[in-house]
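Peer 1: File work-v2.cif follows (mmCIF, C-alpha atoms):
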```
data_target
loop_
_atom_site.label_atom_id
_atom_site.label_comp_id
_atom_site.auth_asym_id
_atom_site.auth_seq_id
_atom_site.Cartn_x
_atom_site.Cartn_y
_atom_site.Cartn_z
CA MET A 1 7.16 -3.63 -22.07
CA THR A 2 6.63 -0.78 -19.66
CA ILE A 3 5.35 -0.33 -16.15
CA THR A 4 4.59 2.89 -14.30
CA VAL A 5 6.36 3.61 -11.01
CA ASN A 6 5.16 6.64 -9.09
CA ARG A 7 3.58 7.92 -12.31
CA ARG A 8 6.80 7.65 -14.34
CA PRO A 9 7.34 5.07 -17.10
CA VAL A 10 9.91 2.39 -16.25
CA GLU A 11 11.03 -0.59 -18.31
CA HIS A 12 9.33 -3.87 -17.39
CA VAL A 13 11.62 -6.76 -16.44
CA GLU A 14 10.17 -10.24 -16.85
CA GLY A 15 9.77 -12.07 -13.53
CA GLU A 16 10.76 -9.07 -11.42
CA THR A 17 9.28 -8.99 -7.93
CA VAL A 18 8.33 -5.95 -5.84
CA GLY A 19 11.51 -6.44 -3.82
CA ASP A 20 13.65 -6.53 -6.99
CA LEU A 21 11.98 -3.41 -8.34
CA LEU A 22 12.63 -1.46 -5.13
CA LYS A 23 16.32 -2.44 -5.43
CA ARG A 24 16.48 -1.52 -9.13
CA MET A 25 14.87 1.86 -8.44
CA LYS A 26 17.34 2.33 -5.55
CA TYR A 27 14.42 2.82 -3.15
CA SER A 28 16.50 1.83 -0.17
CA PHE A 29 14.24 3.65 2.28
CA PRO A 30 13.03 0.94 4.64
CA LEU A 31 9.55 2.29 5.27
CA VAL A 32 7.28 2.15 2.30
CA VAL A 33 3.78 1.13 1.41
CA VAL A 34 3.51 -0.43 -2.06
CA LYS A 35 0.41 -0.57 -4.22
CA ILE A 36 0.10 -2.28 -7.61
CA ASP A 37 -2.88 -1.12 -9.66
CA GLY A 38 -4.45 0.14 -6.45
CA ARG A 39 -3.93 -3.13 -4.56
CA VAL A 40 -1.81 -2.97 -1.39
CA ILE A 41 1.07 -5.44 -1.25
CA ALA A 42 2.03 -6.58 2.26
CA LYS A 43 5.69 -6.07 3.04
CA SER A 44 5.99 -9.78 3.76
CA ALA A 45 4.98 -10.50 0.14
CA PHE A 46 7.46 -8.12 -1.55
CA SER A 47 9.86 -10.91 -2.56
CA SER A 48 7.13 -13.24 -3.80
CA THR A 49 4.95 -10.80 -5.75
CA PRO A 50 5.85 -10.47 -9.43
CA ILE A 51 5.13 -7.28 -11.32
CA GLU A 52 3.16 -7.84 -14.52
CA ASP A 53 3.83 -5.83 -17.66
CA GLY A 54 1.70 -2.70 -17.81
CA SER A 55 1.27 -2.47 -14.01
CA SER A 56 1.05 0.84 -12.26
CA VAL A 57 3.11 0.78 -9.07
CA ASP A 58 2.93 3.32 -6.27
CA VAL A 59 5.78 3.33 -3.78
CA ILE A 60 4.75 5.55 -0.90
CA HIS A 61 7.61 6.63 1.35
CA LEU A 62 6.89 7.37 4.99
CA THR A 63 9.02 9.49 7.26
CA SER A 64 8.69 9.30 11.00
CA GLY A 65 7.54 11.96 13.44
CA GLY A 66 4.26 13.07 14.91
CA MET B 1 -8.89 18.46 19.27
CA ALA B 2 -9.55 20.11 15.89
CA LEU B 3 -12.06 17.38 15.00
CA ALA B 4 -13.88 17.78 18.30
CA ARG B 5 -14.00 21.56 17.90
CA ALA B 6 -15.32 21.11 14.36
CA GLY B 7 -18.25 19.12 15.71
CA VAL B 8 -17.26 15.50 15.06
CA GLY B 9 -19.52 13.52 17.35
CA ARG B 10 -17.44 10.49 18.17
CA LEU B 11 -13.72 9.83 18.35
CA VAL B 12 -12.11 6.45 18.95
CA VAL B 13 -8.68 7.18 20.40
CA VAL B 14 -6.08 4.43 20.68
CA ASP B 15 -3.01 4.91 22.85
CA PHE B 16 -1.08 3.18 25.61
CA ASP B 17 1.28 5.93 26.71
CA ASN B 18 1.57 8.48 29.49
CA VAL B 19 2.09 12.20 28.91
CA GLU B 20 5.80 13.06 29.01
CA GLU B 21 7.34 16.47 29.35
CA SER B 22 8.97 15.94 25.93
CA ASN B 23 5.50 15.78 24.34
CA LEU B 24 4.59 19.30 25.43
CA ASN B 25 6.47 21.04 22.63
CA ARG B 26 3.83 19.81 20.20
CA GLN B 27 1.02 17.79 21.71
CA TYR B 28 -2.16 19.07 23.31
CA TYR B 29 -1.36 18.39 26.98
CA PHE B 30 -0.41 20.51 29.94
CA LEU B 31 2.41 20.53 32.50
CA ASP B 32 0.17 19.30 35.29
CA GLN B 33 -0.75 16.24 33.22
CA VAL B 34 2.79 14.86 32.90
CA GLY B 35 2.89 11.24 34.05
CA ARG B 36 -0.80 10.58 33.49
CA PRO B 37 -2.30 8.44 30.68
CA LYS B 38 -2.64 10.36 27.43
CA LEU B 39 -6.12 8.94 26.79
CA GLU B 40 -7.50 10.26 30.06
CA CYS B 41 -5.82 13.66 29.61
CA LEU B 42 -6.98 14.08 26.02
CA ARG B 43 -10.56 13.33 27.02
CA GLU B 44 -10.30 15.82 29.87
CA ASN B 45 -8.92 18.50 27.52
CA ILE B 46 -11.56 17.94 24.85
CA GLU B 47 -14.32 18.01 27.46
CA ARG B 48 -12.98 21.32 28.74
CA ALA B 49 -13.14 22.73 25.20
CA VAL B 50 -16.40 21.51 23.69
CA ARG B 51 -19.68 19.77 24.41
CA GLY B 52 -21.09 16.68 22.79
CA CYS B 53 -18.08 14.76 21.55
CA GLN B 54 -18.14 11.12 22.61
CA ILE B 55 -14.64 9.80 23.18
CA ASP B 56 -14.09 6.05 23.18
CA MET B 57 -10.72 5.29 24.70
CA VAL B 58 -8.88 2.16 23.67
CA ASP B 59 -5.88 1.46 25.87
CA MET B 60 -3.70 -0.69 23.66
CA LYS B 61 -0.33 -0.74 22.01
CA LEU B 62 -0.60 -1.14 18.27
CA GLU B 63 0.92 -4.41 17.21
CA ARG B 64 1.02 -6.07 13.84
CA GLY B 65 -2.01 -8.28 13.19
CA SER B 66 -4.38 -6.56 15.61
CA MET B 67 -3.86 -2.85 15.01
CA PHE B 68 -6.81 -2.50 12.64
CA ARG B 69 -9.29 -3.91 15.17
CA PRO B 70 -10.39 -0.78 17.06
CA PHE B 71 -11.35 0.91 13.78
CA GLY B 72 -13.96 -1.48 12.39
CA ASP B 73 -16.93 0.85 12.88
CA VAL B 74 -15.45 4.31 12.32
CA ASP B 75 -15.98 6.38 9.16
CA VAL B 76 -12.37 7.50 8.78
CA VAL B 77 -9.08 6.28 10.26
CA VAL B 78 -6.47 8.89 11.19
CA GLU B 79 -2.84 7.85 11.47
CA ALA B 80 -1.13 9.95 14.14
CA LEU B 81 1.83 7.77 15.07
CA ASP B 82 5.36 8.90 15.59
CA ARG B 83 7.63 6.00 14.69
CA ALA B 84 7.81 5.49 10.94
CA SER B 85 8.07 1.71 11.21
CA THR B 86 4.76 1.54 13.08
CA LYS B 87 3.33 4.13 10.69
CA ALA B 88 4.08 2.04 7.57
CA ALA B 89 2.85 -1.18 9.21
CA PHE B 90 -0.34 0.53 10.42
CA ILE B 91 -1.20 2.01 7.02
CA GLU B 92 -0.48 -1.28 5.27
CA GLU B 93 -2.59 -3.25 7.75
CA VAL B 94 -5.58 -0.88 7.67
CA MET B 95 -5.56 -0.87 3.85
CA LEU B 96 -5.32 -4.66 3.68
CA ARG B 97 -7.77 -5.51 6.45
CA LEU B 98 -10.23 -2.62 6.08
CA PRO B 99 -9.97 -1.97 2.34
CA GLU B 100 -13.09 0.21 2.16
CA LYS B 101 -12.01 2.48 5.00
CA PRO B 102 -10.54 5.89 4.18
CA ILE B 103 -7.28 6.49 6.04
CA VAL B 104 -5.66 9.90 6.47
CA ALA B 105 -1.94 9.76 7.20
CA ALA B 106 0.98 12.17 7.55
CA SER B 107 4.63 11.83 6.63
CA GLY B 108 7.55 14.18 7.14
CA VAL B 109 6.23 16.28 10.00
CA ALA B 110 9.62 16.98 11.58
CA GLY B 111 11.52 20.20 11.21
CA ILE B 112 11.07 23.94 10.92
CA GLY B 113 9.82 26.01 8.00
CA ALA B 114 9.20 24.65 4.49
CA SER B 115 5.44 24.83 5.04
CA GLU B 116 4.98 25.27 1.29
CA ARG B 117 6.40 21.80 0.65
CA ILE B 118 3.44 20.14 2.34
CA VAL B 119 1.28 18.40 -0.25
CA TYR B 120 -1.80 16.23 -0.30
CA SER B 121 -1.64 13.04 -2.36
CA ARG B 122 -4.32 10.46 -2.76
CA TYR B 123 -3.72 6.77 -3.43
CA GLY B 124 -7.15 5.16 -3.52
CA LYS B 125 -8.44 5.16 0.06
CA LEU B 126 -5.14 6.46 1.41
CA HIS B 127 -5.04 10.22 1.82
CA LEU B 128 -1.46 11.25 2.55
CA ILE B 129 -0.35 14.66 3.77
CA GLU B 130 3.39 14.78 3.22
CA ASP B 131 6.52 16.82 2.99
CA PRO B 132 8.40 14.67 0.48
CA GLU B 133 11.73 16.30 1.28
CA ALA B 134 11.56 16.18 5.06
CA ARG B 135 14.14 14.31 7.02
CA SER B 136 13.11 11.70 9.55
CA SER B 137 12.38 12.96 13.05
CA ASP B 138 15.19 10.67 14.17
CA ASP B 139 17.57 13.35 12.95
CA ASP B 140 15.36 16.41 13.12
CA VAL B 141 13.21 18.21 15.69
CA LEU B 142 9.49 17.83 16.21
CA LEU B 143 7.80 21.11 17.10
CA ALA B 144 4.24 22.33 17.42
CA PRO B 145 4.10 24.60 14.36
CA LYS B 146 4.81 21.97 11.71
CA VAL B 147 3.29 19.04 13.60
CA CYS B 148 0.08 21.04 14.08
CA LEU B 149 0.06 22.17 10.43
CA PHE B 150 0.02 18.50 9.45
CA ALA B 151 -2.47 17.51 12.12
CA HIS B 152 -4.88 20.24 11.11
CA TYR B 153 -4.41 19.49 7.41
CA GLN B 154 -5.29 15.88 8.26
CA ALA B 155 -8.33 17.02 10.24
CA ASN B 156 -9.45 19.18 7.33
CA VAL B 157 -9.25 16.19 4.97
CA VAL B 158 -11.18 14.10 7.49
CA LEU B 159 -13.98 16.68 7.46
CA GLU B 160 -14.08 16.60 3.65
CA ILE B 161 -14.38 12.83 3.70
CA LEU B 162 -17.04 12.88 6.42
CA LEU B 163 -19.05 15.38 4.41
CA GLU B 164 -18.36 13.36 1.26
CA VAL B 165 -17.05 16.41 -0.50
CA ASN B 166 -14.06 14.38 -1.59
CA GLY B 167 -15.26 10.97 -0.53
#
```
Could you quickly redo this structure as structure tokens?

Peer 2:
Amino acid sequence: MTITVNRRPVEHVEGETVGDLLKRMKYSFPLVVVKIDGRVIAKSAFSSTPIEDGSSVDVIHLTSGG
Amino acid sequence: MALARAGVGRLVVVDFDNVEESNLNRQYYFLDQVGRPKLECLRENIERAVRGCQIDMVDMKLERGSMFRPFGDVDVVVEALDRASTKAAFIEEVMLRLPEKPIVAASGVAGIGASERIVYSRYGKLHLIEDPEARSSDDDVLLAPKVCLFAHYQANVVLEILLEVNG
């Protein structure tokens, strides 16, 4: 029962959503792009998208400036 | 400017802003252009530098739901936004709406020094040039050296993609 978050193994929690995972990982940074197994998850779907066991999650943090 | 100098034949540039004096510490404009539209000034500056680069100017403010539209027929999308909230929304929207389109983005361009922290990460079609330890520009300075390092790193990745070296 393991998922991968930013290439590190993390315990899988049944029924956990993207939003829950971000909280559990203490990713409080407001500006992120999330991909699960290469698929982009819209921010509006964070609280309704469950994370399946074995998923590979990328949480890409973005800092402003340019 | 780097892409035009490198011989890229067509640029689609999207902006709605005028040149401000506060841009001149990092962006490719001149004192006598302050107050004028950035699109017009950028075209003028590129045309003074090189021949043969077609510049399509799109005067629009990027807003959720329509920001991917100008980029339907380009080979590569370059994210060059300043506010991080727009940046995240733009990247998300381009990847969702134009899933086959490579996008080259930058994160963490504020500050001085720490050039060696800049890394290139690839997440599928997203090519991200980032300083993972940089603070937000909201509490740090934006200056030409680091901003241009990122911009030119982005341009270099764009060339690789265009030439399908790293496609």

Peer 1: Considering all atoms listed in the file, can you say which of A:Ser47, A:Lys26, A:Gly15, A:Arg7 comes closest to chain B?

Peer 2: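 Nearest to chain B: A:Arg7.
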
Peer 1: Given the file above and the PyMOL selection byres ((chain B and resi 160-162) around 10), which residues are selected, and can you give them as a list in words?

Peer 2: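 Evaluating the PyMOL selection byres ((chain B and resi 160-162) around 10) on this file yields Val8, Asp75, Val76, Pro102, Ile103, Val104, His127, Gln154, Ala155, Asn156, Val157, Val158, Leu159, Leu163, Glu164, Val165, Asn166 and Gly167 of chain B.
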
Peer 1: Calculated over all atoms listed in the file, which of the candidates B:Arg43, B:Arg69, B:Arg117, B:Arg26 has the smallest distance to chain A?

Peer 2: B:Arg26

Peer 1: With a distance threshold of 6 Å and counting all atoms listed in the file, extract the residues of chain B near chain A and express them as an MDAnalysis selection string.

Peer 2: chainID B and resid 81:84 88 107:110 136:137

Peer 1: What separation in Å, quoted to one decimal, exists between atom CA of B:Asp17 and atom CA of B:Leu62?

Peer 2: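 If I compute the distance from atom CA of B:Asp17 to atom CA of B:Leu62, I get 11.2 Å.
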
Peer 1: Which value, in Å to one decimal, gives the distance between atom CA of A:Phe46 and atom CA of B:Val119?

Peer 2: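 For atom CA of A:Phe46 relative to atom CA of B:Val119, the distance reads 27.3 Å.
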
Peer 1: Using all atoms listed in the file, can you tell me which of A:Val59, A:Met25, A:Ala45, A:Ile36 comes closest to A:Val10?

Peer 2: A:Met25

Peer 1: Hey, which of B:Glu40, B:Glu63, B:Gly9, B:Ser121 ends up closest to A:Asn6? Count only C-alpha atoms.

Peer 2: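 Checking each of B:Glu40, B:Glu63, B:Gly9, B:Ser121 against A:Asn6, counting only C-alpha atoms, the winner is B:Ser121.
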
Peer 1: Centre and edge lengths of an axis-aligned box around all listed atoms of stretch 45-61 of chain A, with 6 Å added on each side, are to be given in Å to one decimal, as AutoDock Vina command-line options.

Peer 2:
```
--center_x 5.5 --center_y -3.3 --center_z -8.2 --size_x 20.8 --size_y 31.9 --size_z 31.2
```

Peer 1: Between B:Val147, B:Ala4, B:Leu98, B:Leu11, which has the minimum distance to B:Asn23 (counting all atoms listed in the file)?

Peer 2: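 Of all the options, B:Val147 lies closest to B:Asn23.
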
Peer 1: For atom CA of A:Thr4 and atom CA of A:Lys23, determine how far apart the two atoms are, in Å to one decimal place.

Peer 2: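 That distance, rounded to one decimal, is 15.6 Å.
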
Peer 1: Any chance you could work out the residue set of the PyMOL selection byres ((chain B and resi 51) around 10) here, as a list of chain:residue names?

Peer 2: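 Taken over the shown coordinates, the PyMOL selection byres ((chain B and resi 51) around 10) returns B:Ala4, B:Arg5, B:Gly7, B:Gly9, B:Ile46, B:Glu47, B:Arg48, B:Ala49, B:Val50, B:Gly52, B:Cys53, B:Gln54.
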
Peer 1: So which residues get picked by the PyMOL selection byres ((chain B and resi 24) around 12) here, written as a PyMOL selection string?

Peer 2: chain B and resi 18-23+25-35+38+142-144+147

Peer 1: Nearest to B:Met60 among B:Ala89, B:Val94, B:Cys148, B:Leu39, with distances taken over only C-alpha atoms: which residue is it?

Peer 2: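 Closest residue, counting only C-alpha atoms: B:Leu39.
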
Peer 1: Hey, can you pull every residue with an atom no more than 8 Å from (-0.2, -1.6, -17.4), using all atoms listed in the file, and send it as a PyMOL selection string?

Peer 2: chain A and resi 2-4+52-56

Peer 1: Given the point (0.9, 23.4, 0.7) in the file's coordinates, find the residues that have an atom at most 10 Å from it, counting only C-alpha atoms, and give them as an NGL selection string.

Peer 2: :B and (114-120 or 129-131 or 149 or 153)

Peer 1: Output C-alpha atoms for every residue in the selection just made, as a PDB file, in the frame of the given file.

Peer 2:
```pdb
ATOM      1  CA  ALA B 114       9.200  24.650   4.490  1.00  0.00           C
ATOM      2  CA  SER B 115       5.440  24.830   5.040  1.00  0.00           C
ATOM      3  CA  GLU B 116       4.980  25.270   1.290  1.00  0.00           C
ATOM      4  CA  ARG B 117       6.400  21.800   0.650  1.00  0.00           C
ATOM      5  CA  ILE B 118       3.440  20.140   2.340  1.00  0.00           C
ATOM      6  CA  VAL B 119       1.280  18.400  -0.250  1.00  0.00           C
ATOM      7  CA  TYR B 120      -1.800  16.230  -0.300  1.00  0.00           C
ATOM      8  CA  ILE B 129      -0.350  14.660   3.770  1.00  0.00           C
ATOM      9  CA  GLU B 130       3.390  14.780   3.220  1.00  0.00           C
ATOM     10  CA  ASP B 131       6.520  16.820   2.990  1.00  0.00           C
ATOM     11  CA  LEU B 149       0.060  22.170  10.430  1.00  0.00           C
ATOM     12  CA  TYR B 153      -4.410  19.490   7.410  1.00  0.00           C
TER      13      TYR B 153
END
```
